[in-house]
>>> print(open('structure-v8.tsv').read())   # TSV, C-alpha atoms and all ligand atoms
chain	number	residue	atom	x	y	z
A	6	MET	CA	0.00	0.00	0.00
A	7	ILE	CA	1.11	3.56	-0.58
A	8	GLN	CA	3.02	4.81	2.41
A	9	ARG	CA	4.29	8.07	1.05
A	10	LEU	CA	3.15	10.94	-1.19
A	11	ASP	CA	5.88	12.87	-2.98
A	12	PHE	CA	5.42	16.26	-4.70
A	13	ALA	CA	7.41	16.03	-7.96
A	14	PRO	CA	10.02	18.61	-8.90
A	15	LEU	CA	8.64	20.99	-11.57
A	16	ASP	CA	11.41	23.32	-12.65
A	17	GLY	CA	10.11	26.85	-13.14
A	18	ILE	CA	7.07	26.18	-10.94
A	19	THR	CA	7.78	24.38	-7.66
A	20	ARG	CA	10.73	26.58	-6.79
A	21	SER	CA	11.42	27.96	-3.31
A	22	VAL	CA	8.68	30.60	-3.18
A	23	PHE	CA	5.99	28.24	-4.47
A	24	ARG	CA	7.07	25.45	-2.11
A	25	ARG	CA	6.95	27.68	0.94
A	26	VAL	CA	3.59	29.30	0.17
A	27	TRP	CA	1.98	26.05	-0.98
A	28	PHE	CA	3.12	24.22	2.14
A	29	ARG	CA	1.75	26.96	4.39
A	30	HIS	CA	-1.66	26.94	2.70
A	31	PHE	CA	-2.20	23.30	1.78
A	32	GLY	CA	0.60	20.80	2.41
A	33	GLY	CA	-0.25	17.09	2.63
A	34	ALA	CA	2.78	15.78	0.73
A	35	ASP	CA	5.22	13.74	2.79
A	36	ARG	CA	8.11	15.04	0.73
A	37	ILE	CA	8.64	17.85	-1.77
A	38	PHE	CA	11.34	17.47	-4.41
A	39	VAL	CA	13.46	20.47	-5.28
A	40	PRO	CA	13.94	20.92	-9.07
A	41	PHE	CA	17.35	19.84	-10.29
A	42	PHE	CA	20.62	21.43	-9.37
A	43	SER	CA	23.33	20.84	-11.99
A	44	PRO	CA	26.86	21.04	-10.52
A	45	THR	CA	29.72	22.05	-12.78
A	46	HIS	CA	33.28	20.79	-12.50
A	47	HIS	CA	34.27	24.14	-10.92
A	48	HIS	CA	32.45	23.02	-7.77
A	49	ILE	CA	31.01	26.43	-7.02
A	50	VAL	CA	27.54	27.05	-5.65
A	51	THR	CA	26.24	30.08	-7.52
A	52	PRO	CA	23.97	32.55	-5.68
A	53	ARG	CA	21.16	31.39	-7.95
A	54	ASP	CA	21.69	27.74	-6.97
A	55	LEU	CA	21.96	28.65	-3.33
A	56	ARG	CA	18.68	30.54	-3.45
A	57	GLU	CA	16.99	27.32	-4.45
A	58	ILE	CA	18.76	24.81	-2.24
A	59	THR	CA	19.12	26.88	0.92
A	60	ARG	CA	16.96	25.68	3.79
A	61	GLU	CA	16.74	29.15	5.29
A	62	GLY	CA	13.10	29.91	5.91
A	63	ALA	CA	12.17	26.37	4.89
A	64	LYS	CA	13.53	24.19	7.68
A	65	ASP	CA	10.11	22.71	8.45
A	66	LEU	CA	9.57	21.63	4.82
A	67	PRO	CA	10.30	17.96	4.02
A	68	LEU	CA	12.53	18.75	1.03
A	69	VAL	CA	14.55	16.35	-1.10
A	70	PRO	CA	17.07	18.07	-3.39
A	71	GLN	CA	17.76	16.69	-6.85
A	72	VAL	CA	21.07	16.64	-8.65
A	73	MET	CA	21.65	16.22	-12.38
A	74	SER	CA	25.11	15.02	-13.31
A	75	ARG	CA	26.85	12.14	-15.08
A	76	LEU	CA	30.18	12.60	-13.35
A	77	ALA	CA	30.62	10.91	-9.99
A	78	PRO	CA	33.08	13.49	-8.55
A	79	ASP	CA	30.62	16.31	-9.29
A	80	PHE	CA	27.70	14.36	-7.84
A	81	LEU	CA	29.71	13.51	-4.71
A	82	TRP	CA	30.70	17.14	-4.29
A	83	ALA	CA	27.04	18.19	-4.56
A	84	ALA	CA	26.11	15.51	-2.01
A	85	GLU	CA	28.57	17.01	0.48
A	86	VAL	CA	27.24	20.53	-0.08
A	87	LEU	CA	23.68	19.31	0.42
A	88	GLU	CA	24.60	17.31	3.50
A	89	ASP	CA	26.20	20.42	5.01
A	90	LEU	CA	22.97	22.30	4.37
A	91	GLY	CA	21.17	19.68	6.46
A	92	TYR	CA	19.51	17.49	3.83
A	93	ARG	CA	19.03	13.80	4.57
A	94	GLU	CA	18.63	12.36	1.06
A	95	ILE	CA	19.65	13.32	-2.43
A	96	ASN	CA	17.96	12.39	-5.67
A	97	LEU	CA	19.59	11.72	-9.05
A	98	ASN	CA	17.79	12.99	-12.15
A	99	LEU	CA	17.73	10.32	-14.89
A	100	GLY	CA	14.49	11.53	-16.42
A	101	CYS	CA	14.87	14.99	-17.93
A	102	PRO	CA	13.99	14.74	-21.67
A	103	SER	CA	15.24	18.18	-22.75
A	104	GLY	CA	17.55	18.06	-25.78
A	105	THR	CA	20.13	20.43	-24.28
A	106	VAL	CA	20.41	18.14	-21.25
A	107	THR	CA	20.42	14.77	-23.04
A	108	ALA	CA	23.00	15.99	-25.59
A	109	LYS	CA	25.41	16.20	-22.65
A	110	GLY	CA	24.55	12.65	-21.59
A	111	LYS	CA	22.66	13.91	-18.54
A	112	GLY	CA	19.07	13.40	-17.37
A	113	SER	CA	17.44	10.70	-19.49
A	114	GLY	CA	20.49	10.96	-21.81
A	115	PHE	CA	22.42	9.00	-19.16
A	116	LEU	CA	20.05	6.04	-19.75
A	117	SER	CA	21.55	5.61	-23.24
A	118	ARG	CA	24.96	4.87	-21.67
A	119	PRO	CA	24.33	1.92	-19.33
A	120	GLU	CA	28.00	1.01	-18.84
A	121	GLU	CA	28.84	4.57	-17.83
A	122	LEU	CA	25.83	4.64	-15.52
A	123	ASP	CA	27.02	1.45	-13.85
A	124	ALA	CA	30.51	2.91	-13.31
A	125	PHE	CA	28.96	6.14	-11.98
A	126	PHE	CA	26.90	4.24	-9.39
A	127	ASP	CA	29.91	2.14	-8.46
A	128	GLN	CA	31.90	5.26	-7.65
A	129	VAL	CA	29.02	7.12	-6.00
A	130	PHE	CA	27.86	4.30	-3.75
A	131	SER	CA	31.37	3.42	-2.63
A	132	SER	CA	31.73	6.76	-0.85
A	133	VAL	CA	28.49	8.75	-0.61
A	134	ARG	CA	27.22	9.32	2.94
A	135	LEU	CA	23.63	10.41	2.26
A	136	PRO	CA	21.00	7.97	1.00
A	137	VAL	CA	20.65	8.35	-2.78
A	138	SER	CA	17.33	7.93	-4.58
A	139	VAL	CA	16.83	7.93	-8.35
A	140	LYS	CA	14.14	9.39	-10.61
A	141	THR	CA	14.16	7.63	-13.97
A	142	ARG	CA	12.25	6.90	-17.14
A	143	LEU	CA	11.83	3.43	-18.67
A	144	GLY	CA	14.45	4.09	-21.30
A	145	TYR	CA	16.03	6.57	-23.65
A	146	GLN	CA	14.36	5.36	-26.85
A	147	THR	CA	12.15	2.35	-25.99
A	148	PRO	CA	10.81	0.59	-22.89
A	149	GLU	CA	12.69	-2.55	-24.01
A	150	GLU	CA	15.79	-0.89	-22.52
A	151	PHE	CA	14.39	-1.13	-19.02
A	152	PRO	CA	15.35	-4.71	-18.00
A	153	ARG	CA	19.02	-3.90	-18.66
A	154	LEU	CA	18.74	-0.66	-16.66
A	155	LEU	CA	16.96	-2.42	-13.81
A	156	GLU	CA	19.74	-4.99	-13.68
A	157	ILE	CA	22.10	-2.07	-12.95
A	158	PHE	CA	19.77	-0.34	-10.46
A	159	ASN	CA	19.38	-3.65	-8.62
A	160	ARG	CA	23.09	-3.86	-7.91
A	161	TYR	CA	23.06	-0.70	-5.77
A	162	PRO	CA	21.29	0.30	-2.53
A	163	ILE	CA	19.06	2.96	-4.11
A	164	ALA	CA	16.86	4.46	-1.37
A	165	CYS	CA	13.90	4.63	-3.75
A	166	LEU	CA	13.55	4.18	-7.49
A	167	THR	CA	10.93	6.62	-8.80
A	168	ILE	CA	9.79	5.57	-12.25
A	169	HIS	CA	8.09	7.90	-14.73
A	170	ALA	CA	6.48	5.24	-16.93
A	171	ARG	CA	7.46	6.75	-20.28
A	172	VAL	CA	10.56	6.96	-22.46
A	173	ARG	CA	12.37	10.10	-23.47
A	174	PRO	CA	10.64	10.91	-26.82
A	175	GLU	CA	7.26	10.66	-25.07
A	176	LYS	CA	8.16	13.54	-22.73
A	177	TYR	CA	5.10	13.88	-20.43
A	178	LYS	CA	2.29	13.00	-22.85
A	179	GLY	CA	0.52	9.99	-24.29
A	180	PRO	CA	-0.10	6.49	-22.97
A	181	LEU	CA	1.98	5.19	-20.07
A	182	HIS	CA	3.76	1.81	-20.20
A	183	LEU	CA	2.02	0.39	-17.15
A	184	ASP	CA	2.85	-3.20	-18.12
A	185	VAL	CA	6.57	-2.37	-18.02
A	186	PHE	CA	6.07	-0.53	-14.73
A	187	GLU	CA	4.34	-3.64	-13.35
A	188	ALA	CA	7.34	-5.78	-14.29
A	189	ALA	CA	9.69	-3.20	-12.75
A	190	LEU	CA	7.73	-3.29	-9.51
A	191	ARG	CA	8.00	-7.08	-9.45
A	192	GLU	CA	11.69	-7.25	-10.30
A	193	SER	CA	13.12	-4.26	-8.42
A	194	LYS	CA	15.22	-5.06	-5.38
A	195	ASN	CA	14.86	-1.45	-4.24
A	196	PRO	CA	11.65	0.31	-3.10
A	197	VAL	CA	9.67	1.70	-6.04
A	198	CYS	CA	7.71	4.94	-6.37
A	199	TYR	CA	5.37	5.51	-9.31
A	200	ASN	CA	5.14	8.75	-11.26
A	201	GLY	CA	2.92	9.76	-14.17
A	202	ASP	CA	-0.47	11.40	-14.79
A	203	LEU	CA	-2.01	11.00	-11.33
A	204	GLN	CA	-4.32	13.96	-10.80
A	205	THR	CA	-7.28	12.96	-8.63
A	206	VAL	CA	-7.98	11.04	-5.42
A	207	VAL	CA	-9.97	8.49	-7.43
A	208	GLY	CA	-7.04	8.05	-9.82
A	209	VAL	CA	-4.58	7.46	-6.99
A	210	ARG	CA	-6.92	4.98	-5.28
A	211	ALA	CA	-7.34	3.07	-8.56
A	212	PHE	CA	-3.56	3.00	-8.98
A	213	GLU	CA	-3.16	1.68	-5.44
A	214	THR	CA	-5.64	-1.12	-6.08
A	215	ARG	CA	-3.84	-2.19	-9.24
A	216	PHE	CA	-0.30	-1.86	-7.82
A	217	PRO	CA	-0.42	-2.60	-4.08
A	218	ALA	CA	3.33	-3.24	-4.01
A	219	ALA	CA	4.22	0.38	-4.88
A	220	GLU	CA	5.64	2.05	-1.81
A	221	ALA	CA	4.99	5.64	-2.87
A	222	VAL	CA	3.55	7.83	-5.60
A	223	MET	CA	4.97	11.06	-6.89
A	224	ILE	CA	2.59	13.69	-8.28
A	225	GLY	CA	3.58	16.82	-10.17
A	226	ARG	CA	1.19	18.71	-12.44
A	227	GLY	CA	-1.87	17.38	-10.58
A	228	GLY	CA	-0.59	18.99	-7.38
A	229	VAL	CA	-0.38	22.42	-9.00
A	230	ALA	CA	-3.75	22.06	-10.78
A	231	ASP	CA	-5.38	21.14	-7.47
A	232	PRO	CA	-3.24	22.51	-4.64
A	233	ALA	CA	-5.38	20.58	-2.10
A	234	LEU	CA	-4.83	17.21	-3.85
A	235	PHE	CA	-2.23	15.94	-1.38
A	236	ARG	CA	-4.32	17.11	1.56
A	237	LYS	CA	-7.38	15.32	0.11
A	238	LEU	CA	-5.29	12.16	-0.30
A	239	GLN	CA	-4.52	12.40	3.44
A	240	GLY	CA	-8.26	12.60	4.19
A	241	GLY	CA	-8.49	16.40	4.34
A	242	PRO	CA	-10.96	18.81	2.68
A	243	PRO	CA	-10.87	20.15	-0.89
A	244	ALA	CA	-9.77	23.73	-1.52
A	245	SER	CA	-12.39	26.42	-1.07
A	246	ARG	CA	-12.53	29.45	-3.35
A	247	GLU	CA	-11.44	31.77	-0.50
A	248	GLU	CA	-8.52	29.50	0.31
A	249	LEU	CA	-7.38	29.39	-3.31
A	250	GLN	CA	-7.66	33.13	-3.63
A	251	SER	CA	-5.65	33.73	-0.50
A	252	PHE	CA	-3.04	31.21	-1.79
A	253	THR	CA	-2.64	32.89	-5.21
A	254	GLN	CA	-2.58	36.37	-3.68
A	255	GLU	CA	0.13	35.45	-1.21
A	256	LEU	CA	2.09	33.66	-3.92
A	257	TYR	CA	1.94	36.78	-6.11
A	258	ARG	CA	3.06	38.99	-3.21
A	259	GLU	CA	5.93	36.67	-2.34
A	260	TYR	CA	7.06	36.47	-5.96
A	261	GLN	CA	7.15	40.27	-6.04
A	262	ALA	CA	9.28	40.35	-2.90
A	263	PHE	CA	11.57	37.61	-4.26
A	264	TYR	CA	12.13	39.04	-7.74
A	265	GLY	CA	11.73	42.70	-6.84
A	266	GLN	CA	9.63	43.09	-10.00
A	267	VAL	CA	5.92	42.88	-10.36
A	268	GLY	CA	6.21	41.91	-14.06
A	269	THR	CA	8.26	38.80	-13.27
A	270	ALA	CA	5.87	37.92	-10.46
A	271	ALA	CA	2.94	38.07	-12.90
A	272	GLN	CA	4.82	35.84	-15.38
A	273	ARG	CA	5.36	33.26	-12.66
A	274	MET	CA	1.66	33.39	-11.81
A	275	ARG	CA	0.83	32.70	-15.46
A	276	GLU	CA	2.78	29.44	-15.18
A	277	VAL	CA	0.87	28.44	-12.04
A	278	TRP	CA	-2.46	29.29	-13.70
A	279	PHE	CA	-1.52	27.14	-16.71
A	280	TYR	CA	-2.33	24.20	-14.39
A	281	LEU	CA	-4.64	25.79	-11.80
A	282	ILE	CA	-7.23	26.83	-14.41
A	283	HIS	CA	-8.21	23.14	-14.68
A	284	LEU	CA	-9.82	23.33	-11.26
A	285	PHE	CA	-12.57	25.53	-12.72
A	286	GLU	CA	-15.47	24.86	-15.09
A	287	ASP	CA	-16.06	26.50	-18.49
A	288	THR	CA	-12.71	28.19	-18.60
A	289	GLU	CA	-12.52	28.97	-22.31
A	290	ARG	CA	-13.49	32.65	-22.13
A	291	LEU	CA	-11.48	33.61	-19.04
A	292	ASN	CA	-8.43	31.46	-19.67
A	293	ARG	CA	-7.60	33.53	-22.75
A	294	PRO	CA	-6.83	36.77	-20.89
A	295	MET	CA	-4.87	34.75	-18.34
A	296	ARG	CA	-2.74	33.18	-21.08
A	297	ARG	CA	-2.26	36.44	-22.99
A	298	PHE	CA	-2.02	39.29	-20.44
A	299	ARG	CA	0.77	41.79	-21.01
A	300	THR	CA	0.80	43.85	-17.81
A	301	PRO	CA	0.51	43.00	-14.11
A	302	GLY	CA	-2.75	44.96	-14.05
A	303	GLU	CA	-4.19	42.72	-16.78
A	304	TYR	CA	-3.05	39.66	-14.85
A	305	GLU	CA	-4.75	40.88	-11.66
A	306	ALA	CA	-7.97	41.56	-13.58
A	307	ALA	CA	-7.85	38.12	-15.27
A	308	GLU	CA	-7.45	36.39	-11.92
A	309	ALA	CA	-10.18	38.42	-10.23
A	310	ALA	CA	-12.59	37.53	-13.07
A	311	ILE	CA	-11.85	33.81	-12.71
A	312	PHE	CA	-12.53	33.86	-8.98
A	313	ARG	CA	-15.63	36.01	-9.44
A	314	GLU	CA	-17.24	34.16	-12.33
A	315	LEU	CA	-16.13	30.55	-12.61
A	316	VAL	CA	-17.46	27.52	-10.78
A	317	LEU	CA	-14.89	25.53	-8.85
A	318	ARG	CA	-14.67	21.81	-9.65
A	319	GLU	CA	-14.36	18.97	-7.14
A	320	ASP	CA	-11.29	17.67	-8.99
A	321	ALA	CA	-9.03	19.17	-11.63
A	322	GLN	CA	-9.80	17.99	-15.16
A	323	GLY	CA	-7.88	17.98	-18.43
A	324	VAL	CA	-4.53	18.89	-16.84
A	325	LEU	CA	-2.63	16.45	-19.02
A	326	ALA	CA	-4.45	17.12	-22.31
B	401	LIG	C1	7.46	22.20	-16.21
B	401	LIG	C2	8.07	20.92	-15.73
B	401	LIG	C3	9.29	20.94	-15.06
B	401	LIG	C4	9.88	19.74	-14.60
B	401	LIG	N1	11.07	19.78	-13.91
B	401	LIG	C5	11.62	18.61	-13.44
B	401	LIG	C6	12.84	18.58	-12.67
B	401	LIG	O1	13.46	19.61	-12.36
B	401	LIG	N2	13.31	17.37	-12.27
B	401	LIG	C7	12.65	16.19	-12.56
B	401	LIG	O2	13.11	15.11	-12.17
B	401	LIG	N3	11.51	16.21	-13.26
B	401	LIG	C8	10.97	17.36	-13.69
B	401	LIG	N4	9.78	17.34	-14.36
B	401	LIG	C9	9.03	16.07	-14.44
B	401	LIG	C10	8.06	15.95	-13.25
B	401	LIG	O3	8.78	15.85	-12.05
B	401	LIG	C11	7.16	14.70	-13.40
B	401	LIG	O4	7.97	13.58	-13.58
B	401	LIG	C12	6.21	14.85	-14.60
B	401	LIG	O5	5.52	16.08	-14.55
B	401	LIG	C13	5.21	13.69	-14.64
B	401	LIG	O6	4.48	13.65	-13.44
B	401	LIG	P1	2.96	14.21	-13.36
B	401	LIG	O7	2.20	13.50	-14.44
B	401	LIG	O8	2.48	13.85	-11.98
B	401	LIG	O9	3.04	15.67	-13.60
B	401	LIG	C14	9.21	18.51	-14.85
B	401	LIG	C15	7.99	18.51	-15.55
B	401	LIG	C16	7.41	19.67	-15.97
B	401	LIG	C17	6.08	19.62	-16.70
>>> encode(input="structure-v8.tsv", output="structure tokens", more="lines below")
Ligand SMILES: Cc1cc2nc3c(=O)[nH]c(=O)nc-3n(C[C@H](O)[C@H](O)[C@H](O)COP(=O)(O)O)c2cc1C
Amino acid sequence: MIQRLDFAPLDGITRSVFRRVWFRHFGGADRIFVPFFSPTHHHIVTPRDLREITREGAKDLPLVPQVMSRLAPDFLWAAEVLEDLGYREINLNLGCPSGTVTAKGKGSGFLSRPEELDAFFDQVFSSVRLPVSVKTRLGYQTPEEFPRLLEIFNRYPIACLTIHARVRPEKYKGPLHLDVFEAALRESKNPVCYNGDLQTVVGVRAFETRFPAAEAVMIGRGGVADPALFRKLQGGPPASREELQSFTQELYREYQAFYGQVGTAAQRMREVWFYLIHLFEDTERLNRPMRRFRTPGEYEAAEAAIFRELVLREDAQGVLA
């Protein structure tokens, strides 16, 4: 049975400000993953990186930082930095499908180099002090690559293997390879967490019934579309309109304080609304101004109209369309 709910890392969305405000208003996730941090061989933490991985002002949040690297010395250096900051686990990104990342053999690009991956794990696990978990896809090109990859994963004490049940060209759309996930769950020697397309309580319960051996689920877009989803999964109430409005208003204020620019804050809010709009009915007319606004004033008007005029749904719908 599912023992843990993880909030997936969503680069550009679930960054420090979002995590803090979301946790204060809703919470319900057992762990929140920090979008990837990509160490360079210079071994310098840039102010921008530090802003994201610092635990200042977020010590009560159950954060798991994620590192993207294919070089063991860089990964081990990052693990030390993160340990010094007080983290208790570190996650390796083997899932990112972006071309600029995979061209460097990182993210899901690392899955196309199984021998190198094996050597990387060998080096990492022989000296790392923190538990290391892994977030992976089923393969670089096809799911047929997965048995070979699992053979490698099974040789190392991975704290948890989170599987996004797609391959790289599929990005985050289209049918999931649940049959391959089922085999992975059966054959993995390490605990397995499932990731992909979960967006409602009913959906998570159905998943749990079909895959009782999965230890955890990780949810990303569904948790932004319905900020109360994790709380509902823990038996709590859905989001009320007032609660959502107070959440978005505080988020907007905190983005302004963080960036020092109202325009950037409004842009960030557009990205949140890209998902959040799916918690409302008949959005066609009012989603347009939200997608297209040019000034902070237009953004504020678009949001006010949504809260004033649209009916709130029980569950988000169409998030993954
Ligand atoms: C905008 C965006 C940013 C993402 N950033 C990351 C990231 O930094 N690290 C990572 O491992 N996955 C990242 N992902 C993948 C998500 O963590 C997750 O695997 C994906 O959204 C599928 O889960 P979902 O269907 O529950 O959303 C990102 C996905 C999206 C859409």
>>> atom_distance(input="structure-v8.tsv", atom1="CA of Gly33 in chain A", atom2="CA of Ala63 in chain A")
15.7 Å
>>> closest_atom_pairs(input="structure-v8.tsv", of="chain A", to="ligand LIG 401 (chain B)", cutoff="7 Å", atoms="only C-alpha atoms and all ligand atoms", output="tab-separated table")
residue	atom	partner	partner_atom	distance
A:Ala13	CA	B:LIG401	O3	4.3
A:Pro14	CA	B:LIG401	O3	4.4
A:Leu15	CA	B:LIG401	C4	3.5
A:Asp16	CA	B:LIG401	N1	3.8
A:Gly17	CA	B:LIG401	C1	6.2
A:Ile18	CA	B:LIG401	C1	6.6
A:Pro40	CA	B:LIG401	O1	3.6
A:Phe41	CA	B:LIG401	O1	4.4
A:Asn98	CA	B:LIG401	O2	5.1
A:Gly100	CA	B:LIG401	O2	5.7
A:Cys101	CA	B:LIG401	N3	5.9
A:Lys140	CA	B:LIG401	O2	6.0
A:His169	CA	B:LIG401	O4	5.8
A:Tyr177	CA	B:LIG401	C13	5.8
A:Asn200	CA	B:LIG401	O6	5.4
A:Gly201	CA	B:LIG401	O7	3.8
A:Asp202	CA	B:LIG401	O7	3.4
A:Leu203	CA	B:LIG401	O8	5.4
A:Gln204	CA	B:LIG401	O8	6.9
A:Met223	CA	B:LIG401	O8	6.3
A:Ile224	CA	B:LIG401	O8	3.7
A:Gly225	CA	B:LIG401	O8	3.6
A:Arg226	CA	B:LIG401	O9	3.7
A:Gly227	CA	B:LIG401	O8	5.8
>>> closest_residue(input="structure-v8.tsv", among="A:Tyr199, A:Phe42, A:Tyr280, A:Trp27", to="Leu55 in chain A", atoms="all atoms listed in the file")
A:Phe42
>>> closest_atom_pairs(input="structure-v8.tsv", of="range 207-281 of chain A", to="range 289-302 of chain A", cutoff="9 Å", atoms="only C-alpha atoms", output="JSON lines")
{"residue": "A:Val267", "atom": "CA", "partner": "A:Pro301", "partner_atom": "CA", "distance": 6.6}
{"residue": "A:Gly268", "atom": "CA", "partner": "A:Pro301", "partner_atom": "CA", "distance": 5.8}
{"residue": "A:Thr269", "atom": "CA", "partner": "A:Pro301", "partner_atom": "CA", "distance": 8.9}
{"residue": "A:Ala270", "atom": "CA", "partner": "A:Pro301", "partner_atom": "CA", "distance": 8.2}
{"residue": "A:Ala271", "atom": "CA", "partner": "A:Pro301", "partner_atom": "CA", "distance": 5.6}
{"residue": "A:Gln272", "atom": "CA", "partner": "A:Pro301", "partner_atom": "CA", "distance": 8.5}
{"residue": "A:Arg275", "atom": "CA", "partner": "A:Arg296", "partner_atom": "CA", "distance": 6.7}
{"residue": "A:Glu276", "atom": "CA", "partner": "A:Arg296", "partner_atom": "CA", "distance": 8.9}
{"residue": "A:Trp278", "atom": "CA", "partner": "A:Met295", "partner_atom": "CA", "distance": 7.6}
{"residue": "A:Phe279", "atom": "CA", "partner": "A:Arg296", "partner_atom": "CA", "distance": 7.6}
>>> axis_aligned_box(input="structure-v8.tsv", around="range 177-192 of chain A", padding_each_side="6 Å", output="lines of an AutoDock Vina configuration file")
center_x = 5.8
center_y = 3.3
center_z = -16.9
size_x = 23.8
size_y = 33.1
size_z = 26.8
>>> closest_residue(input="structure-v8.tsv", among="A:Pro196, A:Pro148, A:Gly265, A:Pro44", to="Ala221 in chain A", atoms="all atoms listed in the file")
A:Pro196
>>> atom_distance(input="structure-v8.tsv", atom1="CA of Glu156 in chain A", atom2="CA of Val222 in chain A")
22.2 Å
>>> residues_around(input="structure-v8.tsv", residues="Ala233 in chain A", least_positions_apart="4", cutoff="9 Å", atoms="all atoms listed in the file", output="count of residues only")
12
>>> residues_around(input="structure-v8.tsv", residues="Arg29 in chain A", least_positions_apart="5", cutoff="12 Å", atoms="all atoms listed in the file", output="CSV table (one decimal) with C-alpha atoms, keeping the file's coordinate frame")
chain,number,residue,atom,x,y,z
A,22,VAL,CA,8.7,30.6,-3.2
A,23,PHE,CA,6.0,28.2,-4.5
A,24,ARG,CA,7.1,25.4,-2.1
A,34,ALA,CA,2.8,15.8,0.7
A,62,GLY,CA,13.1,29.9,5.9
A,63,ALA,CA,12.2,26.4,4.9
A,65,ASP,CA,10.1,22.7,8.4
A,66,LEU,CA,9.6,21.6,4.8
A,232,PRO,CA,-3.2,22.5,-4.6
A,233,ALA,CA,-5.4,20.6,-2.1
A,236,ARG,CA,-4.3,17.1,1.6
A,248,GLU,CA,-8.5,29.5,0.3
A,251,SER,CA,-5.6,33.7,-0.5
A,252,PHE,CA,-3.0,31.2,-1.8
A,255,GLU,CA,0.1,35.4,-1.2
A,256,LEU,CA,2.1,33.7,-3.9
>>> atom_distance(input="structure-v8.tsv", atom1="CA of Lys111 in chain A", atom2="CA of Ser74 in chain A")
5.9 Å
>>> closest_residue(input="structure-v8.tsv", among="A:Val72, A:Val324, A:Ala108, A:Ile157", to="Leu122 in chain A", atoms="all atoms listed in the file")
A:Ile157
>>> closest_residue(input="structure-v8.tsv", among="A:Arg93, A:Arg20, A:His47, A:Gly114", to="Phe263 in chain A", atoms="only C-alpha atoms")
A:Arg20
>>> residues_around(input="structure-v8.tsv", residues="Ala83 in chain A", least_positions_apart="3", cutoff="12 Å", atoms="only C-alpha atoms", output="VMD selection string")
chain A and resid 41 to 50 54 to 55 58 70 to 74 76 to 80 86 to 90 92 94 to 97 129 133 to 135 137
>>> residues_near_point(input="structure-v8.tsv", point="(-1.3, -2.4, -7.0)", cutoff="12 Å", atoms="all atoms listed in the file", output="list in words")
Met6, Ile7, Leu183, Asp184, Phe186, Glu187, Ala188, Leu190, Arg191, Val197, Cys198, Tyr199, Val209, Arg210, Ala211, Phe212, Glu213, Thr214, Arg215, Phe216, Pro217, Ala218, Ala219, Glu220, Ala221 and Val222 of chain A
>>> closest_atom_pairs(input="structure-v8.tsv", of="range 137-226 of chain A", to="range 317-320 of chain A", cutoff="10 Å", atoms="all atoms listed in the file", output="Markdown table")
| residue | atom | partner | partner_atom | distance |
| --- | --- | --- | --- | --- |
| A:Gln204 | CA | A:Asp320 | CA | 8.1 |
| A:Thr205 | CA | A:Asp320 | CA | 6.2 |
| A:Val206 | CA | A:Asp320 | CA | 8.2 |
| A:Val207 | CA | A:Asp320 | CA | 9.4 |
>>> write_last_selection(input="structure-v8.tsv", atoms="C-alpha atoms", output="PDB file, in the coordinates of the input")
ATOM      1  CA  GLN A 204      -4.320  13.960 -10.800  1.00  0.00           C
ATOM      2  CA  THR A 205      -7.280  12.960  -8.630  1.00  0.00           C
ATOM      3  CA  VAL A 206      -7.980  11.040  -5.420  1.00  0.00           C
ATOM      4  CA  VAL A 207      -9.970   8.490  -7.430  1.00  0.00           C
TER       5      VAL A 207
END
>>> residues_around(input="structure-v8.tsv", residues="Gly110 in chain A", least_positions_apart="6", cutoff="9 Å", atoms="only C-alpha atoms", output="PyMOL selection string")
chain A and resi 74-75+116-118
>>> closest_residue(input="structure-v8.tsv", among="A:Ser245, A:Thr105, A:Gln239, A:Gln261", to="Val316 in chain A", atoms="all atoms listed in the file")
A:Ser245
>>> decode(input="structure-v8.tsv", residues="range 92-110 of chain A", atoms="C-alpha atoms", output="mmCIF file, in the first residue's frame")
data_model
loop_
_atom_site.group_PDB
_atom_site.id
_atom_site.type_symbol
_atom_site.label_atom_id
_atom_site.label_comp_id
_atom_site.auth_asym_id
_atom_site.auth_seq_id
_atom_site.Cartn_x
_atom_site.Cartn_y
_atom_site.Cartn_z
ATOM 1 C CA TYR A 92 19.505 17.486 3.826
ATOM 2 C CA ARG A 93 19.032 13.802 4.566
ATOM 3 C CA GLU A 94 18.628 12.361 1.064
ATOM 4 C CA ILE A 95 19.654 13.321 -2.427
ATOM 5 C CA ASN A 96 17.956 12.388 -5.671
ATOM 6 C CA LEU A 97 19.590 11.723 -9.046
ATOM 7 C CA ASN A 98 17.786 12.987 -12.151
ATOM 8 C CA LEU A 99 17.727 10.322 -14.889
ATOM 9 C CA GLY A 100 14.487 11.528 -16.422
ATOM 10 C CA CYS A 101 14.874 14.987 -17.934
ATOM 11 C CA PRO A 102 13.987 14.745 -21.674
ATOM 12 C CA SER A 103 15.241 18.184 -22.754
ATOM 13 C CA GLY A 104 17.552 18.058 -25.776
ATOM 14 C CA THR A 105 20.126 20.432 -24.277
ATOM 15 C CA VAL A 106 20.409 18.143 -21.250
ATOM 16 C CA THR A 107 20.421 14.773 -23.039
ATOM 17 C CA ALA A 108 23.003 15.993 -25.595
ATOM 18 C CA LYS A 109 25.414 16.202 -22.654
ATOM 19 C CA GLY A 110 24.548 12.647 -21.591
#
